[in-house]
$ cat coords-v7.txt   # compact mmCIF, C-alpha atoms
# COMPACT_ATOMS: atom_id res chain seq x y z
CA MET A 592 0.00 0.00 0.00
CA TRP A 593 2.80 2.42 0.94
CA GLN A 594 4.47 1.85 -2.41
CA LYS A 595 1.32 2.72 -4.36
CA ILE A 596 0.67 5.86 -2.31
CA SER A 597 4.29 6.96 -2.54
CA PHE A 598 4.35 6.54 -6.31
CA ALA A 599 1.08 8.46 -6.69
CA LEU A 600 2.46 11.33 -4.59
CA LEU A 601 5.68 11.57 -6.56
CA GLU A 602 5.02 10.60 -10.17
CA LYS A 603 3.35 13.85 -11.28
CA HIS A 604 5.69 16.24 -9.50
CA ASP A 605 8.88 18.00 -10.48
CA LYS A 606 10.14 18.40 -6.93
CA SER A 607 9.75 16.54 -3.67
CA ILE A 608 10.39 18.05 -0.23
CA ILE A 609 11.10 15.45 2.42
CA PHE A 610 11.10 15.85 6.21
CA LEU A 611 12.82 13.03 8.08
CA ILE A 612 11.73 12.08 11.60
CA PRO A 613 12.14 9.00 13.82
CA GLY A 614 10.01 5.98 12.99
CA THR A 615 9.00 5.69 16.65
CA GLU A 616 6.93 8.21 18.61
CA THR A 617 9.38 10.83 19.87
CA LYS A 618 8.10 13.55 22.21
CA SER A 619 10.05 16.80 21.92
CA GLY A 620 9.72 20.43 20.95
CA GLY A 621 11.96 19.66 18.00
CA ILE A 622 9.37 17.27 16.56
CA LEU A 623 6.60 19.85 17.00
CA SER A 624 8.75 22.41 15.24
CA ILE A 625 9.41 20.07 12.31
CA PHE A 626 5.68 19.46 11.92
CA SER A 627 5.10 23.23 11.92
CA ILE A 628 7.70 23.76 9.18
CA PHE A 629 6.05 20.91 7.29
CA ARG A 630 2.61 22.59 7.52
CA GLU A 631 3.97 25.90 6.24
CA THR A 632 5.79 24.14 3.41
CA ILE A 633 2.57 22.49 2.29
CA SER A 634 0.83 25.87 2.36
CA ILE A 635 3.56 27.49 0.26
CA PHE A 636 3.54 24.82 -2.44
CA LYS A 637 -0.19 24.19 -2.58
CA ASN A 638 -1.39 23.73 -6.18
CA LYS A 639 2.18 23.46 -7.46
CA ARG A 640 3.98 20.46 -8.90
CA VAL A 641 5.70 19.79 -5.61
CA SER A 642 5.10 16.91 -3.21
CA VAL A 643 5.74 17.49 0.49
CA LEU A 644 6.18 14.32 2.52
CA MET A 645 6.97 13.36 6.09
CA MET A 646 9.15 10.25 6.10
CA SER A 647 10.72 7.96 8.68
CA TYR A 648 14.48 7.46 8.80
CA PRO A 649 15.93 5.11 6.17
CA ASN A 650 16.41 1.42 6.99
CA SER A 651 14.86 1.99 10.43
CA ALA A 652 11.59 1.55 12.30
CA LYS A 653 8.51 2.65 10.38
CA ILE A 654 5.44 4.47 11.67
CA SER A 655 2.37 5.71 9.84
CA LYS A 656 1.35 8.56 12.19
CA TYR A 657 2.37 10.39 15.37
CA THR A 658 -0.39 10.32 17.96
CA TRP A 659 0.84 12.40 20.96
CA PHE A 660 -0.44 15.64 19.42
CA ASP A 661 -3.27 16.48 17.02
CA ASN A 662 -2.26 16.20 13.38
CA ASN A 663 -3.37 14.63 10.12
CA VAL A 664 0.13 13.95 8.74
CA SER A 665 0.85 10.57 7.19
CA ILE A 666 4.42 9.29 7.53
CA TYR A 667 5.98 7.25 4.75
CA PRO A 668 9.11 5.08 4.75
CA PHE A 669 12.08 6.93 3.22
CA ASP A 670 13.15 3.67 1.60
CA LEU A 671 10.29 3.99 -0.92
CA LEU A 672 11.77 7.24 -2.24
CA ILE A 673 15.05 5.63 -3.26
CA LYS A 674 13.77 4.27 -6.54
CA LYS A 675 15.33 4.93 -9.90
CA ARG A 676 11.97 5.84 -11.40
CA TYR A 677 11.91 9.03 -9.31
CA GLN A 678 15.33 10.27 -10.37
CA GLY A 679 13.96 12.97 -12.64
CA ILE A 680 12.66 14.98 -9.71
CA GLU A 681 14.49 17.45 -7.52
CA LEU A 682 14.82 16.67 -3.83
CA ILE A 683 15.00 18.82 -0.72
CA ILE A 684 15.69 16.68 2.34
CA HIS A 685 15.25 18.26 5.77
CA LEU A 686 16.97 16.27 8.49
CA PRO A 687 17.45 16.96 12.22
CA GLU A 688 20.92 18.08 13.29
CA TYR A 689 21.55 15.16 15.65
CA TYR A 690 20.71 12.65 12.92
CA VAL A 691 23.08 13.76 10.15
CA GLY A 692 25.81 11.21 10.84
CA GLU A 693 23.39 8.34 11.44
CA PHE A 694 21.49 9.17 8.25
CA PHE A 695 24.59 8.67 6.14
CA ASP A 696 25.61 5.54 8.06
CA LEU A 697 22.21 3.90 7.58
CA LEU A 698 22.19 4.36 3.81
CA SER A 699 23.40 1.37 1.82
CA CYS A 700 25.95 1.86 -0.96
CA ASP A 701 23.18 1.33 -3.52
CA GLN A 702 21.00 3.95 -1.84
CA ILE A 703 23.85 6.48 -1.79
CA LYS A 704 24.43 5.84 -5.49
CA THR A 705 20.71 6.19 -6.26
CA LEU A 706 20.42 9.44 -4.30
CA SER A 707 23.50 10.81 -6.06
CA ASP A 708 21.83 10.19 -9.40
CA PHE A 709 18.77 12.31 -8.66
CA LYS A 710 18.39 15.45 -10.76
CA ASN A 711 19.23 17.72 -7.83
CA VAL A 712 19.54 17.00 -4.11
CA HIS A 713 19.49 19.73 -1.48
CA PHE A 714 20.14 18.75 2.14
CA ASN A 715 18.93 21.12 4.83
CA ILE A 716 20.07 20.50 8.38
CA LEU A 717 17.42 21.51 10.91
CA ASN A 718 19.67 22.98 13.58
CA GLN A 719 17.26 23.39 16.49
CA ASN A 720 19.86 22.83 19.19
CA ILE A 721 23.43 24.03 18.60
CA GLU A 722 24.72 21.58 21.22
CA MET A 723 23.51 18.70 19.05
CA MET A 724 24.94 20.03 15.79
CA PRO A 725 27.53 17.57 14.43
CA ASP A 726 31.13 18.38 13.58
CA LYS A 727 31.87 19.76 10.14
CA ILE A 728 33.57 16.50 9.11
CA VAL A 729 30.28 14.64 9.72
CA ILE A 730 28.28 17.13 7.65
CA ASP A 731 30.82 17.00 4.84
CA ARG A 732 30.09 13.30 4.37
CA LEU A 733 26.81 14.36 2.76
CA ARG A 734 28.84 15.92 -0.07
CA VAL A 735 29.34 12.42 -1.46
CA ILE A 736 25.70 12.78 -2.51
CA SER A 737 25.38 16.54 -3.03
CA ASN A 738 27.32 19.73 -2.39
CA ARG A 739 24.10 21.66 -1.92
CA ILE A 740 23.76 21.85 1.87
CA THR A 741 22.18 24.53 4.05
CA SER A 742 21.32 24.86 7.72
CA THR A 743 18.24 26.44 9.26
CA THR A 744 18.19 27.56 12.88
CA ALA A 745 15.75 27.99 15.76
CA HIS A 746 17.64 30.61 17.81
CA ASP A 747 19.32 33.93 17.07
CA SER A 748 22.31 33.01 19.24
CA TYR A 749 23.79 30.63 16.66
CA THR A 750 22.50 32.35 13.54
CA ASN A 751 25.68 34.19 12.71
CA ALA A 752 28.66 34.42 10.37
CA TYR A 753 30.89 32.45 12.73
CA PHE A 754 28.86 29.27 12.32
CA ARG A 755 28.34 29.95 8.60
CA ASP A 756 32.11 30.07 8.15
CA TYR A 757 32.80 27.16 10.50
CA TYR A 758 30.43 24.78 8.75
CA GLY A 759 30.82 26.28 5.30
CA LEU A 760 27.04 26.44 4.85
CA PRO A 761 24.47 29.16 4.23
CA ILE A 762 22.50 29.69 7.44
CA HIS A 763 18.87 30.75 7.61
CA LYS A 764 16.85 31.62 10.71
CA LEU A 765 13.47 29.90 10.79
CA SER A 766 12.79 30.29 14.52
CA SER A 767 10.26 27.74 15.78
CA TRP A 768 6.51 27.69 16.15
CA PHE A 769 4.28 24.94 17.50
CA ASP A 770 0.71 26.15 17.16
CA LYS A 771 -1.84 25.93 14.40
CA GLU A 772 -4.30 28.20 16.18
CA LYS A 773 -4.19 31.54 17.96
CA VAL A 774 -2.40 31.36 21.30
CA LEU A 775 -4.72 31.42 24.32
CA VAL A 776 -3.55 33.98 26.90
CA LEU A 777 -5.17 33.97 30.33
CA PRO A 778 -4.91 37.09 32.55
CA TYR A 779 -3.32 36.90 36.01
CA GLU A 780 -6.63 36.64 37.84
CA LEU A 781 -7.50 33.43 35.94
CA LYS A 782 -4.09 31.87 36.46
CA GLU A 783 -3.51 29.09 38.99
CA ASP A 784 -0.71 28.48 41.49
CA ILE A 785 1.03 25.96 39.25
CA LEU A 786 4.74 25.60 38.51
CA ILE A 787 5.50 23.77 35.25
CA VAL A 788 8.78 21.87 35.58
CA SER A 789 10.80 20.68 32.60
CA PRO A 790 11.74 16.97 32.69
CA ASP A 791 15.46 17.71 32.22
CA SER A 792 17.91 16.45 34.83
CA HIS A 793 20.21 18.80 36.77
CA PRO A 794 22.30 18.32 39.95
CA LEU A 795 20.40 21.09 41.77
CA LYS A 796 16.93 20.26 40.43
CA GLN A 797 15.61 18.31 43.42
CA TYR A 798 17.11 20.74 45.92
CA ILE A 799 15.49 23.71 44.16
CA LEU A 800 12.09 22.03 43.92
CA ASN A 801 12.19 20.88 47.55
CA TYR A 802 13.08 24.40 48.69
CA ILE A 803 10.25 25.98 46.70
CA ALA A 804 7.79 23.37 48.01
CA GLN A 805 8.87 24.04 51.60
CA LYS A 806 8.55 27.83 51.32
CA ILE A 807 5.46 28.02 49.08
CA PRO A 808 3.35 24.95 49.93
CA LYS A 809 0.33 26.23 47.98
CA LEU A 810 2.26 25.85 44.71
CA LYS A 811 1.41 22.74 42.68
CA PHE A 812 4.31 21.24 40.72
CA VAL A 813 3.69 19.57 37.36
CA ILE A 814 6.74 17.80 35.93
CA ILE A 815 6.07 17.27 32.23
CA ARG A 816 6.12 13.60 31.29
CA ASP A 817 4.01 11.61 28.81
CA MET A 818 1.53 14.43 28.26
CA ARG A 819 -0.34 15.10 25.06
CA TYR A 820 0.66 18.44 23.62
CA GLU A 821 -2.91 19.77 23.63
CA ASP A 822 -3.12 19.06 27.38
CA TYR A 823 0.25 20.75 27.89
CA LYS A 824 -0.94 23.91 26.10
CA LEU A 825 -3.95 24.14 28.43
CA LEU A 826 -1.60 23.72 31.37
CA GLU A 827 0.64 26.49 30.01
CA SER A 828 -2.33 28.83 29.89
CA LYS A 829 -3.38 28.06 33.48
CA ALA A 830 0.05 28.03 35.15
CA LYS A 831 1.49 31.19 36.68
CA TRP A 832 5.05 29.90 36.66
CA SER A 833 7.42 27.54 34.85
CA ILE A 834 11.05 26.53 35.20
CA SER A 835 13.47 25.05 32.69
CA PHE A 836 16.33 22.82 33.81
CA GLY A 837 17.41 22.28 30.20
CA GLU A 838 18.62 24.58 27.47
CA GLY A 839 16.67 27.50 28.95
CA LEU A 840 15.19 29.21 25.91
CA ASP A 841 12.97 26.23 25.20
CA GLY A 842 9.33 25.22 25.20
CA TYR A 843 9.16 25.37 28.98
CA ILE A 844 9.91 29.10 28.88
CA VAL A 845 8.74 30.30 25.46
CA GLY A 846 5.30 28.66 25.47
CA PRO A 847 4.29 29.65 29.02
CA THR A 848 5.49 33.23 28.43
CA LEU A 849 3.48 33.57 25.21
CA ARG A 850 0.44 32.26 27.11
CA GLY A 851 0.69 34.84 29.86
CA GLY A 852 3.01 33.14 32.34
CA ILE A 853 6.45 33.78 33.81
CA GLY A 854 9.25 31.29 33.27
CA PHE A 855 12.51 30.87 35.16
CA ALA A 856 15.72 29.82 33.44
CA VAL A 857 19.48 30.17 33.61
CA TYR A 858 21.21 32.24 30.96
CA ASN A 859 23.64 30.59 28.57
CA LYS A 860 25.21 32.01 25.43
CA GLU A 861 24.38 28.91 23.38
CA PHE A 862 20.65 29.74 23.26
CA PHE A 863 20.05 33.19 24.73
CA THR A 864 20.99 36.57 23.33
CA GLU A 865 22.23 39.33 25.62
CA GLU A 866 18.93 41.21 26.03
CA PHE A 867 17.67 38.32 28.18
CA LEU A 868 20.26 39.26 30.80
CA ASN A 869 18.08 42.26 31.71
CA LEU A 870 15.11 40.09 32.70
CA PRO A 871 14.70 39.44 36.44
CA ASN A 872 13.41 35.89 35.83
CA ILE A 873 16.55 34.83 33.91
CA PHE A 874 19.42 34.04 36.28
CA ASP A 875 23.20 33.86 35.86
CA ASN A 876 23.45 30.32 37.22
CA PHE A 877 21.41 27.71 39.11
CA ASP A 878 22.90 28.70 42.47
CA THR A 879 21.55 32.24 41.99
CA LEU A 880 18.21 30.85 40.83
CA ALA A 881 18.00 28.65 43.93
CA GLN A 882 18.74 31.60 46.21
CA ASN A 883 16.24 33.99 44.61
CA VAL A 884 13.34 32.14 43.01
CA VAL A 885 11.24 31.88 46.20
CA SER A 886 11.50 35.57 47.05
CA PHE A 887 10.83 36.44 43.40
CA ILE A 888 7.56 34.47 43.41
CA GLU A 889 6.49 35.89 46.77
CA ASN A 890 7.31 39.49 45.78
CA ASN A 891 5.68 39.39 42.33
CA ASP A 892 2.51 37.39 42.96
CA THR A 893 0.16 40.35 42.54
CA LYS A 894 -1.47 41.39 39.29
CA LEU A 895 0.43 44.66 38.78
CA LEU A 896 3.91 43.36 39.59
CA TYR A 897 3.29 40.03 37.84
CA GLU A 898 2.15 41.72 34.63
CA ASN A 899 5.11 44.12 34.62
CA VAL A 900 7.59 41.23 34.75
CA ARG A 901 5.61 39.11 32.31
CA LEU A 902 5.32 41.84 29.69
CA SER A 903 9.04 42.62 29.72
CA ALA A 904 9.79 38.96 28.99
CA TYR A 905 6.90 38.66 26.53
CA GLU A 906 8.15 41.54 24.39
CA ILE A 907 11.56 39.93 23.88
CA ILE A 908 10.26 36.40 23.34
CA ASP A 909 7.44 37.50 21.02
CA SER A 910 9.97 39.40 18.89
CA LYS A 911 11.85 36.13 18.34
CA PHE A 912 9.10 33.52 18.36
CA ASN A 913 5.96 34.61 16.53
CA TYR A 914 3.92 33.09 13.75
CA HIS A 915 4.22 36.00 11.31
CA ASP A 916 8.02 35.94 11.24
CA PHE A 917 8.13 32.14 11.28
CA LYS A 918 5.83 31.92 8.26
CA ASN A 919 7.82 34.53 6.36
CA ASN A 920 11.13 32.87 7.23
CA VAL A 921 9.96 29.53 5.83
CA LYS A 922 8.92 31.27 2.62
CA LEU A 923 12.30 33.03 2.34
CA PHE A 924 14.11 29.71 2.76
CA TYR A 925 12.44 28.21 -0.30
CA GLU A 926 13.17 31.41 -2.22
CA GLU A 927 16.84 30.89 -1.24
CA LYS A 928 16.95 34.31 0.45
CA TYR A 929 19.00 33.12 3.37
CA THR A 930 19.69 35.10 6.54
CA ILE A 931 23.45 34.55 6.15
CA PRO A 932 24.15 33.31 2.59

$ encode --input "coords-v7.txt" --output "structure tokens"
Amino acid sequence: MWQKISFALLEKHDKSIIFLIPGTETKSGGILSIFSIFRETISIFKNKRVSVLMMSYPNSAKISKYTWFDNNVSIYPFDLLIKKRYQGIELIIHLPEYYVGEFFDLLSCDQIKTLSDFKNVHFNILNQNIEMMPDKIVIDRLRVISNRITSTTAHDSYTNAYFRDYYGLPIHKLSSWFDKEKVLVLPYELKEDILIVSPDSHPLKQYILNYIAQKIPKLKFVIIRDMRYEDYKLLESKAKWSISFGEGLDGYIVGPTLRGGIGFAVYNKEFFTEEFLNLPNIFDNFDTLAQNVVSFIENNDTKLLYENVRLSAYEIIDSKFNYHDFKNNVKLFYEEKYTIP
């Protein structure tokens, strides 16, 4: 069945745009972001001779659909694409940054040869986490198939000439966006005493949470595990507070802030830009966060003070993560108008 569908989707098109994801259900903000880019890509190429497909990694587990968030996206095996009868079409292959080396390793010699024979192959590395970006030598292995390689980014902090020169690739800022609908923002008076906690591990995590629980017993902690994304969005809208023990400028800060909350994180140059240093809810390190987070919550848990802090963070985050810019950035990518050519 997959073969028939795949052929029907490809045979009447001049170009195919492929998004590669794991063939097992993987819960992450990166996956949500890839699905958002996929949706915008479909919108851009609607009624054109271009097929846009979500595919599972080659020679790996296969899955037909992701179920942990609402979507109507079918997932096809990448193996079906590697057929000589499709070689007249152009290919754009989007692949996650952490997967670049494994992608090449999983391809058989015959598949590498077949891909190399396509009319035109363009690899785009979805760099959504600079700490997971592979070394240049790993990326350069793709040049056996094609020299046309770009990288798109999710954060301003690593969208710069340094990384363009280091990797030898054009870099384009996409940002990230998870929602299909308008963001629901609840005012302070409708918020609840909830602290969203990222599932990331950290040496001080349990100490910090225990200390907050001891000093503010009314606060309900929700550590995010095995939750449908739609349920998480409702939680974001209700929760007054959130805390990230991971990369910091992630879904545990961005989403809650855009939905009217205040998120705590520790600054790092890998993901944040310098303007975040001026926000009182972004700390220099976890020791400082541990020492100040309780007093911050106690001193700002009134509508006026809460809204003043929230709005200062919202203005910065909304300038970097908003649907209008995201949509336009996706369009500019396909027009090859890159942020840093």

$ residues_around --input "coords-v7.txt" --residues "segment 862-866 of chain A" --least-positions-apart "3" --cutoff "6 Å" --atoms "only C-alpha atoms" --output "PyMOL selection string"
chain A and resi 748+859+869

$ closest_atom_pairs --input "coords-v7.txt" --of "segment 713-826 of chain A" --to "segment 871-883 of chain A" --cutoff "10 Å" --atoms "only C-alpha atoms" --output "Markdown table"
| residue | atom | partner | partner_atom | distance |
| --- | --- | --- | --- | --- |
| A:His793 | CA | A:Phe877 | CA | 9.3 |
| A:Pro794 | CA | A:Phe877 | CA | 9.5 |
| A:Leu795 | CA | A:Phe877 | CA | 7.2 |
| A:Lys796 | CA | A:Phe877 | CA | 8.8 |
| A:Tyr798 | CA | A:Ala881 | CA | 8.2 |
| A:Ile799 | CA | A:Ala881 | CA | 5.5 |
| A:Leu800 | CA | A:Ala881 | CA | 8.9 |
| A:Tyr802 | CA | A:Ala881 | CA | 8.1 |
| A:Ile803 | CA | A:Ala881 | CA | 8.7 |

$ atom_distance --input "coords-v7.txt" --atom1 "atom CA of Leu698 of chain A" --atom2 "atom CA of Asp731 of chain A"
15.3 Å

$ residues_around --input "coords-v7.txt" --residues "segment 713-719 of chain A" --least-positions-apart "6" --cutoff "6 Å" --atoms "all atoms listed in the file" --output "list in words"
Ile683, Ile684, His685, Leu686, Pro687, Glu688, Arg739, Ile740, Thr741, Ser742, Thr743, Thr744 and Ala745 of chain A

$ atom_distance --input "coords-v7.txt" --atom1 "atom CA of Lys928 of chain A" --atom2 "atom CA of Leu765 of chain A"
11.8 Å

$ residues_around --input "coords-v7.txt" --residues "segment 898-911 of chain A" --least-positions-apart "4" --cutoff "6 Å" --atoms "only C-alpha atoms" --output "JSON list (two decimals) with C-alpha atoms, keeping the file's coordinate frame"
[["chain", "number", "residue", "atom", "x", "y", "z"],
["A", 848, "THR", "CA", 5.49, 33.23, 28.43],
["A", 853, "ILE", "CA", 6.45, 33.78, 33.81],
["A", 894, "LYS", "CA", -1.47, 41.39, 39.29]]

$ atom_distance --input "coords-v7.txt" --atom1 "atom CA of Lys727 of chain A" --atom2 "atom CA of Cys700 of chain A"
21.9 Å

$ residues_around --input "coords-v7.txt" --residues "Pro847 of chain A" --least-positions-apart "3" --cutoff "10 Å" --atoms "all atoms listed in the file" --output "list of chain:residue names"
A:Val776, A:Ile787, A:Tyr823, A:Lys824, A:Leu825, A:Leu826, A:Glu827, A:Ser828, A:Lys829, A:Ala830, A:Lys831, A:Trp832, A:Ser833, A:Ile834, A:Gly842, A:Tyr843, A:Ile844, A:Arg850, A:Gly851, A:Gly852, A:Ile853, A:Gly854, A:Tyr905

$ residues_around --input "coords-v7.txt" --residues "Tyr667 of chain A" --least-positions-apart "3" --cutoff "8 Å" --atoms "only C-alpha atoms" --output "list in words"
Trp593, Ser597, Leu644, Met645, Met646, Ser647, Lys653, Ile654, Ser655 and Leu671 of chain A

$ write_last_selection --input "coords-v7.txt" --atoms "C-alpha atoms" --output "CSV table (one decimal), keeping the file's coordinate frame"
chain,number,residue,atom,x,y,z
A,593,TRP,CA,2.8,2.4,0.9
A,597,SER,CA,4.3,7.0,-2.5
A,644,LEU,CA,6.2,14.3,2.5
A,645,MET,CA,7.0,13.4,6.1
A,646,MET,CA,9.2,10.2,6.1
A,647,SER,CA,10.7,8.0,8.7
A,653,LYS,CA,8.5,2.6,10.4
A,654,ILE,CA,5.4,4.5,11.7
A,655,SER,CA,2.4,5.7,9.8
A,671,LEU,CA,10.3,4.0,-0.9

$ residues_near_point --input "coords-v7.txt" --point "(27.1, 14.9, -3.4)" --cutoff "12 Å" --atoms "only C-alpha atoms" --output "ChimeraX atom specification"
/A:695,703-714,730-740

$ closest_residue --input "coords-v7.txt" --among "A:Asp822, A:Glu926, A:Asp747, A:Asp784" --to "Ile888 of chain A" --atoms "all atoms listed in the file"
A:Asp784

$ build_atoms --input "coords-v7.txt" --residues "segment 790-813 of chain A" --atoms "N, CA and C atoms" --output "tab-separated table (two decimals), keeping the file's coordinate frame"
chain	number	residue	atom	x	y	z
A	790	PRO	N	11.30	18.31	32.26
A	790	PRO	CA	11.74	16.97	32.69
A	790	PRO	C	13.26	16.80	32.71
A	791	ASP	N	14.00	17.82	32.31
A	791	ASP	CA	15.46	17.71	32.22
A	791	ASP	C	16.07	17.43	33.60
A	792	SER	N	17.20	16.71	33.58
A	792	SER	CA	17.91	16.45	34.83
A	792	SER	C	18.92	17.57	35.09
A	793	HIS	N	19.19	17.82	36.36
A	793	HIS	CA	20.21	18.80	36.77
A	793	HIS	C	20.58	18.50	38.21
A	794	PRO	N	21.87	18.64	38.58
A	794	PRO	CA	22.30	18.32	39.95
A	794	PRO	C	21.54	19.06	41.05
A	795	LEU	N	21.09	20.29	40.75
A	795	LEU	CA	20.40	21.09	41.77
A	795	LEU	C	18.87	21.03	41.65
A	796	LYS	N	18.37	20.25	40.71
A	796	LYS	CA	16.93	20.26	40.43
A	796	LYS	C	16.12	19.88	41.67
A	797	GLN	N	16.42	18.76	42.30
A	797	GLN	CA	15.61	18.31	43.42
A	797	GLN	C	15.73	19.25	44.61
A	798	TYR	N	16.92	19.78	44.82
A	798	TYR	CA	17.11	20.74	45.92
A	798	TYR	C	16.24	21.98	45.70
A	799	ILE	N	16.26	22.51	44.47
A	799	ILE	CA	15.49	23.71	44.16
A	799	ILE	C	13.99	23.46	44.33
A	800	LEU	N	13.52	22.33	43.82
A	800	LEU	CA	12.09	22.03	43.92
A	800	LEU	C	11.67	21.80	45.37
A	801	ASN	N	12.51	21.11	46.13
A	801	ASN	CA	12.19	20.88	47.55
A	801	ASN	C	12.12	22.21	48.31
A	802	TYR	N	13.03	23.10	48.01
A	802	TYR	CA	13.08	24.40	48.69
A	802	TYR	C	11.84	25.23	48.37
A	803	ILE	N	11.45	25.24	47.09
A	803	ILE	CA	10.25	25.98	46.70
A	803	ILE	C	9.02	25.38	47.39
A	804	ALA	N	8.94	24.05	47.40
A	804	ALA	CA	7.79	23.37	48.01
A	804	ALA	C	7.70	23.68	49.51
A	805	GLN	N	8.84	23.75	50.17
A	805	GLN	CA	8.87	24.04	51.60
A	805	GLN	C	8.41	25.47	51.89
A	806	LYS	N	8.84	26.42	51.07
A	806	LYS	CA	8.55	27.83	51.32
A	806	LYS	C	7.20	28.27	50.77
A	807	ILE	N	6.75	27.63	49.69
A	807	ILE	CA	5.46	28.02	49.08
A	807	ILE	C	4.62	26.77	48.91
A	808	PRO	N	4.07	26.23	50.00
A	808	PRO	CA	3.35	24.95	49.93
A	808	PRO	C	2.09	24.98	49.06
A	809	LYS	N	1.54	26.16	48.80
A	809	LYS	CA	0.33	26.23	47.98
A	809	LYS	C	0.61	25.94	46.51
A	810	LEU	N	1.89	25.99	46.12
A	810	LEU	CA	2.26	25.85	44.71
A	810	LEU	C	2.21	24.38	44.30
A	811	LYS	N	1.49	24.10	43.22
A	811	LYS	CA	1.41	22.74	42.68
A	811	LYS	C	2.46	22.57	41.59
A	812	PHE	N	3.28	21.52	41.72
A	812	PHE	CA	4.31	21.24	40.72
A	812	PHE	C	3.76	20.25	39.69
A	813	VAL	N	4.02	20.52	38.42
A	813	VAL	CA	3.69	19.57	37.36
A	813	VAL	C	4.95	19.34	36.54
